[in-house]
Amino acid sequence: MVPIVFAIAAFVAVVFAIVTIAHRSPVINVLSLVVVFFAMAAIFALLGMDFLAAIQIIVYSGAILVLFLFVIMLLNIRSVERLGSGRRMQALLGAVAAAGIGASALIAVSLLTPTSGAVYPGSLETGTVAPIGRALLTTHLFAFEFITLLLVAAIVGAVYLARREHR
Amino acid sequence: MTDIPIPHTWVLALSAALFAIGVLGVLLRRNGIAIFLSLELMLNSANLAFVAFAMTLAAQPGGAEAALSGQLFVFFVIGVAAAEAAVGLALFIALHRLKGTIDVDRVNILRW
Amino acid sequence: MWVELLVIGIKLAVVLAALLTTVPIMVWVERRASALMQDRLGPNRVGPFGLFQPVVDAVKLITKEDLIPANVSRFLFILAPVVALTVALSTFIAVPFGNDSGLELFGHAVRGFIVAPDLNIGILYIFAIASLAVYATVLAGWSSNNKYSLYGGIRASAQTVSYELAMTISVVGVLMASESLHLDQVVAHQSGTWLWVLPRWNVFPQLIGAITFMVAAFAETNRIPFDLPEAEAELVSGYLTEYSSMKYAAFFMGEYVHMTVASALITVLFFGGWTLPWVDLAFAGWLGGLLSIAIFVAKVSFFLFFFVWVRWTLPRFRFDQLMALGWKVMIPLSVLNFLWVGIAMAAGIL
């Protein structure tokens, strides 16, 4: 049952990832990326990490991609070129490079010993909110506070960069 | 759930495939927003790799702490991606205001 | 395993039927209540007290011409109402609507009057799915190829994203007090009374959080005073301008279902869900379960009426006032509520 769901989610993710990079219209690109993120949240939930799955949907699909959509609508961005048009040599080299990266990653992965049938001693708890919250506020407190600072810096930067020049 | 019958290699293979697709997108598209979307795809494939290893580590005795660290890392990657998306999109808005286009082939004023 | 799926299927069917039946009832309530508030009669010809008006409205909507304008992007135009209705209906699976004391159906434990009893991240799931609701309005506005719709869509996305923050932070106080994200636990925490007089509902110690959540719920469901995205008489019909017949009906149903989910959440989080402190001892077996469902429905109906009441009483916010309220008032207030709950819990009061 679990492998079947994983296979479906993986298939959906790969198909819609290809639509994301290949389709002309930017709005369709963003919407197919929403579907990819949904499939990935499904995989996270399948592996027992429900908090991460919820955060993935809330932050990535529900906020970041809405921001993308907003900017596309604001700037009225249309795309009329097809994938790789006008850059033949670069397209060929790029495809070879990507295929190379993918192939080497797959070879590296297949050299690992698969651990199917792994048993979790007490693993039921590591995906829920309580242990993650505790770890965030004790072991990783510095990183947590620092990322707050990073987000404030990003907000200030974004507001400053996008403002109109008042001459 | 005490037994996850998916080998972590499957998850890593999916992560590799998504990363390769993301790289293709970054190299082949001219539209700035599309390049950015492919970048987000690559970041997500890295998240998937973290999750795969967190899952494996949780199965080993005494690995619960490392598994938690893996999930927290994904949390931080999502946070950093959010910050980067905000600033990047603000840059695109400023660029569009300046040049009228976000076609990256036309943004070449600094070239030799 | 098949019995388990059957039990979940029955619960799901009951929830869906109830949600979709709420829509015609709300149409009637809205029209009659608004009429009575405005000192006129409202629909009273089509049945006793105009009760068949929603039926007639539905027939009208179905038989209208379904027009798709020429220059729209067809796929997005048709996708938007589908997303609106689907998202609104999917949020309800994590909301508990009754008391279960070990009931059994077909030899399998029902495990709570909640469609997904094992979802430990209950409220986070609801927020996740509700955050996808913004796509419906944004896509409707964009795909209609019409400047009024575009304004409506952009306003909707800005408004929804801003008030999502206030909504989420105002709920954190409740979650801290109940020490769990699962809504069954949140309701169970609110049973009983203080000093045999005041029910232990979360609205009393966390009044600011409750008010912030209610205001944010109004903003999320695009109801007056926050209905600029579909402001009639200002933006023609906002993002709904180009929609007719069944697609308009789908949006309409999506909005009422969203309102129902928001009322259900307000009830569960702040007003005790299906508990009523002086009736608690009677909750046993199927009769007790049905009693608790009736109490839940009564509370949700009161909040649905409250939504209608506020709509016909208050004027609409201007867009800059709306954004200023969201960022400069709601978020600081909800953070204040969260601090107050933290201090109270550390001091042992809560």
# chains A, B, ... in the order shown; residues from 1 in each chain; ligands from 1

$ residues_around --residues "range 89-106 of chain B" --least-positions-apart "2" --cutoff "10 Å" --atoms "only C-alpha atoms" --output "PyMOL selection string"
(chain A and resi 67-68+70-72+74-75+77-79+81+154-155+157-164) or (chain B and resi 29-33+35-36+84-87+108-109)

$ interface_residues --of "chain C" --to "chain A" --cutoff "8 Å" --atoms "only C-alpha atoms" --output "PDB file with C-alpha atoms, in the first residue's frame"
ATOM      1  CA  ASN C 120      -2.380  14.541  14.838  1.00  0.00           C
ATOM      2  CA  ILE C 121      -1.755  17.892  13.216  1.00  0.00           C
ATOM      3  CA  LEU C 124      -2.350  22.724  10.905  1.00  0.00           C
ATOM      4  CA  TYR C 125      -3.999  20.619   8.215  1.00  0.00           C
ATOM      5  CA  PHE C 127      -4.740  26.008   7.857  1.00  0.00           C
ATOM      6  CA  ALA C 128      -2.760  24.295   5.100  1.00  0.00           C
ATOM      7  CA  ILE C 129      -5.838  23.549   3.014  1.00  0.00           C
ATOM      8  CA  SER C 131      -4.283  28.671   2.536  1.00  0.00           C
ATOM      9  CA  LEU C 132      -4.920  27.110  -0.868  1.00  0.00           C
ATOM     10  CA  VAL C 134      -6.548  32.087  -2.269  1.00  0.00           C
ATOM     11  CA  TYR C 135      -5.781  30.433  -5.622  1.00  0.00           C
ATOM     12  CA  TRP C 142      -6.612  36.778 -13.653  1.00  0.00           C
ATOM     13  CA  ILE C 154      -5.233  41.088  -6.566  1.00  0.00           C
ATOM     14  CA  SER C 157      -4.747  37.648  -2.637  1.00  0.00           C
ATOM     15  CA  VAL C 161      -2.338  36.406   2.834  1.00  0.00           C
TER      16      VAL C 161
END

$ residues_around --residues "Val329 in chain C" --least-positions-apart "5" --cutoff "12 Å" --atoms "only C-alpha atoms" --output "NGL selection string"
:C and (162-163 or 165-166 or 208 or 211-212 or 215-216 or 321-324 or 334-336)

$ closest_residue --among "C:Val82, C:Gly50, C:Gly288, C:Ala17" --to "Ala33 in chain C" --atoms "only C-alpha atoms"
C:Gly50

$ residues_around --residues "range 37-49 of chain A" --least-positions-apart "2" --cutoff "9 Å" --atoms "only C-alpha atoms" --output "VMD selection string"
(chain A and resid 2 5 to 6 8 to 13 32 to 35 51 to 57 60 to 61 123 to 124 126 to 128) or (chain B and resid 1 4 6 11 41 44 48 51 to 52 55 71)

$ write_last_selection --atoms "N, CA and C atoms" --output "mmCIF file, in the first residue's frame"
data_model
loop_
_atom_site.group_PDB
_atom_site.id
_atom_site.type_symbol
_atom_site.label_atom_id
_atom_site.label_comp_id
_atom_site.auth_asym_id
_atom_site.auth_seq_id
_atom_site.Cartn_x
_atom_site.Cartn_y
_atom_site.Cartn_z
ATOM 1 N N VAL A 2 1.852 1.279 0.887
ATOM 2 C CA VAL A 2 2.724 2.459 0.946
ATOM 3 C C VAL A 2 3.536 2.623 -0.336
ATOM 4 N N VAL A 5 1.309 4.211 -3.065
ATOM 5 C CA VAL A 5 1.057 5.646 -2.890
ATOM 6 C C VAL A 5 2.317 6.435 -3.227
ATOM 7 N N PHE A 6 3.466 5.913 -2.794
ATOM 8 C CA PHE A 6 4.717 6.619 -3.094
ATOM 9 C C PHE A 6 4.943 6.687 -4.602
ATOM 10 N N ILE A 8 2.706 6.652 -6.986
ATOM 11 C CA ILE A 8 1.798 7.626 -7.606
ATOM 12 C C ILE A 8 2.288 9.041 -7.355
ATOM 13 N N ALA A 9 2.664 9.326 -6.074
ATOM 14 C CA ALA A 9 3.121 10.681 -5.742
ATOM 15 C C ALA A 9 4.384 11.030 -6.519
ATOM 16 N N ALA A 10 5.292 10.060 -6.656
ATOM 17 C CA ALA A 10 6.544 10.332 -7.375
ATOM 18 C C ALA A 10 6.261 10.598 -8.851
ATOM 19 N N PHE A 11 5.342 9.809 -9.432
ATOM 20 C CA PHE A 11 5.005 9.988 -10.843
ATOM 21 C C PHE A 11 4.408 11.374 -11.078
ATOM 22 N N VAL A 12 3.449 11.748 -10.206
ATOM 23 C CA VAL A 12 2.828 13.070 -10.328
ATOM 24 C C VAL A 12 3.876 14.161 -10.202
ATOM 25 N N ALA A 13 4.792 13.989 -9.228
ATOM 26 C CA ALA A 13 5.813 15.023 -9.010
ATOM 27 C C ALA A 13 6.678 15.192 -10.257
ATOM 28 N N SER A 32 1.602 24.238 -11.795
ATOM 29 C CA SER A 32 2.126 22.866 -11.784
ATOM 30 C C SER A 32 3.148 22.702 -10.677
ATOM 31 N N LEU A 33 3.858 23.785 -10.315
ATOM 32 C CA LEU A 33 4.773 23.667 -9.169
ATOM 33 C C LEU A 33 3.985 23.469 -7.887
ATOM 34 N N VAL A 34 2.789 24.087 -7.795
ATOM 35 C CA VAL A 34 1.926 23.840 -6.637
ATOM 36 C C VAL A 34 1.616 22.357 -6.532
ATOM 37 N N VAL A 35 1.309 21.731 -7.677
ATOM 38 C CA VAL A 35 0.997 20.302 -7.654
ATOM 39 C C VAL A 35 2.227 19.490 -7.247
ATOM 40 N N PHE A 51 4.272 17.125 10.408
ATOM 41 C CA PHE A 51 4.461 18.555 10.629
ATOM 42 C C PHE A 51 5.129 19.186 9.414
ATOM 43 N N LEU A 52 6.164 18.483 8.891
ATOM 44 C CA LEU A 52 6.848 19.000 7.711
ATOM 45 C C LEU A 52 5.920 19.092 6.511
ATOM 46 N N ALA A 53 5.036 18.114 6.367
ATOM 47 C CA ALA A 53 4.115 18.137 5.234
ATOM 48 C C ALA A 53 3.206 19.364 5.330
ATOM 49 N N ALA A 54 2.681 19.614 6.556
ATOM 50 C CA ALA A 54 1.792 20.767 6.712
ATOM 51 C C ALA A 54 2.554 22.068 6.458
ATOM 52 N N ILE A 55 3.784 22.157 6.996
ATOM 53 C CA ILE A 55 4.575 23.373 6.796
ATOM 54 C C ILE A 55 4.886 23.566 5.315
ATOM 55 N N GLN A 56 5.182 22.478 4.610
ATOM 56 C CA GLN A 56 5.468 22.583 3.175
ATOM 57 C C GLN A 56 4.281 23.196 2.453
ATOM 58 N N ILE A 57 3.061 22.745 2.759
ATOM 59 C CA ILE A 57 1.909 23.291 2.045
ATOM 60 C C ILE A 57 1.638 24.721 2.479
ATOM 61 N N TYR A 60 5.226 26.872 1.360
ATOM 62 C CA TYR A 60 5.579 26.861 -0.052
ATOM 63 C C TYR A 60 4.371 27.089 -0.949
ATOM 64 N N SER A 61 3.378 26.179 -0.895
ATOM 65 C CA SER A 61 2.253 26.348 -1.832
ATOM 66 C C SER A 61 1.379 27.522 -1.469
ATOM 67 N N SER A 123 9.758 5.686 16.750
ATOM 68 C CA SER A 123 9.817 6.673 15.689
ATOM 69 C C SER A 123 8.489 7.378 15.522
ATOM 70 N N LEU A 124 7.440 6.847 16.156
ATOM 71 C CA LEU A 124 6.142 7.476 16.001
ATOM 72 C C LEU A 124 6.172 8.916 16.477
ATOM 73 N N THR A 126 8.879 11.088 16.342
ATOM 74 C CA THR A 126 9.809 12.086 15.802
ATOM 75 C C THR A 126 9.196 12.959 14.732
ATOM 76 N N GLY A 127 8.003 12.624 14.249
ATOM 77 C CA GLY A 127 7.436 13.449 13.188
ATOM 78 C C GLY A 127 6.412 14.440 13.674
ATOM 79 N N THR A 128 5.963 14.261 14.912
ATOM 80 C CA THR A 128 4.905 15.136 15.383
ATOM 81 C C THR A 128 5.494 16.427 15.933
ATOM 82 N N MET B 1 2.710 3.632 12.787
ATOM 83 C CA MET B 1 3.551 3.100 11.720
ATOM 84 C C MET B 1 4.897 2.728 12.273
ATOM 85 N N ILE B 4 8.467 1.147 7.706
ATOM 86 C CA ILE B 4 8.296 1.847 6.436
ATOM 87 C C ILE B 4 8.862 0.984 5.334
ATOM 88 N N ILE B 6 9.579 1.393 2.303
ATOM 89 C CA ILE B 6 10.192 1.926 1.086
ATOM 90 C C ILE B 6 11.666 2.073 1.378
ATOM 91 N N VAL B 11 13.484 7.247 -2.496
ATOM 92 C CA VAL B 11 13.271 8.672 -2.244
ATOM 93 C C VAL B 11 14.442 9.475 -2.794
ATOM 94 N N LEU B 41 12.431 24.308 -7.351
ATOM 95 C CA LEU B 41 12.333 22.858 -7.535
ATOM 96 C C LEU B 41 13.602 22.176 -7.044
ATOM 97 N N ASN B 44 13.707 22.072 -3.327
ATOM 98 C CA ASN B 44 12.822 21.046 -2.812
ATOM 99 C C ASN B 44 13.387 19.661 -2.938
ATOM 100 N N LEU B 48 13.960 16.811 -0.036
ATOM 101 C CA LEU B 48 13.579 15.403 -0.099
ATOM 102 C C LEU B 48 14.744 14.512 0.295
ATOM 103 N N VAL B 51 15.048 14.479 3.997
ATOM 104 C CA VAL B 51 13.999 13.670 4.616
ATOM 105 C C VAL B 51 14.312 12.193 4.477
ATOM 106 N N ALA B 52 14.874 11.795 3.333
ATOM 107 C CA ALA B 52 15.207 10.382 3.129
ATOM 108 C C ALA B 52 16.220 9.921 4.175
ATOM 109 N N MET B 55 14.767 9.711 7.648
ATOM 110 C CA MET B 55 13.983 8.496 7.816
ATOM 111 C C MET B 55 14.886 7.308 8.122
ATOM 112 N N GLN B 71 14.906 16.827 10.088
ATOM 113 C CA GLN B 71 13.646 17.509 9.801
ATOM 114 C C GLN B 71 13.765 18.992 10.064
#

$ atom_distance --atom1 "CA of Arg316 in chain C" --atom2 "CA of Leu41 in chain C"
24.0 Å

$ atom_distance --atom1 "CA of Ser149 in chain C" --atom2 "CA of Gly238 in chain C"
4.8 Å
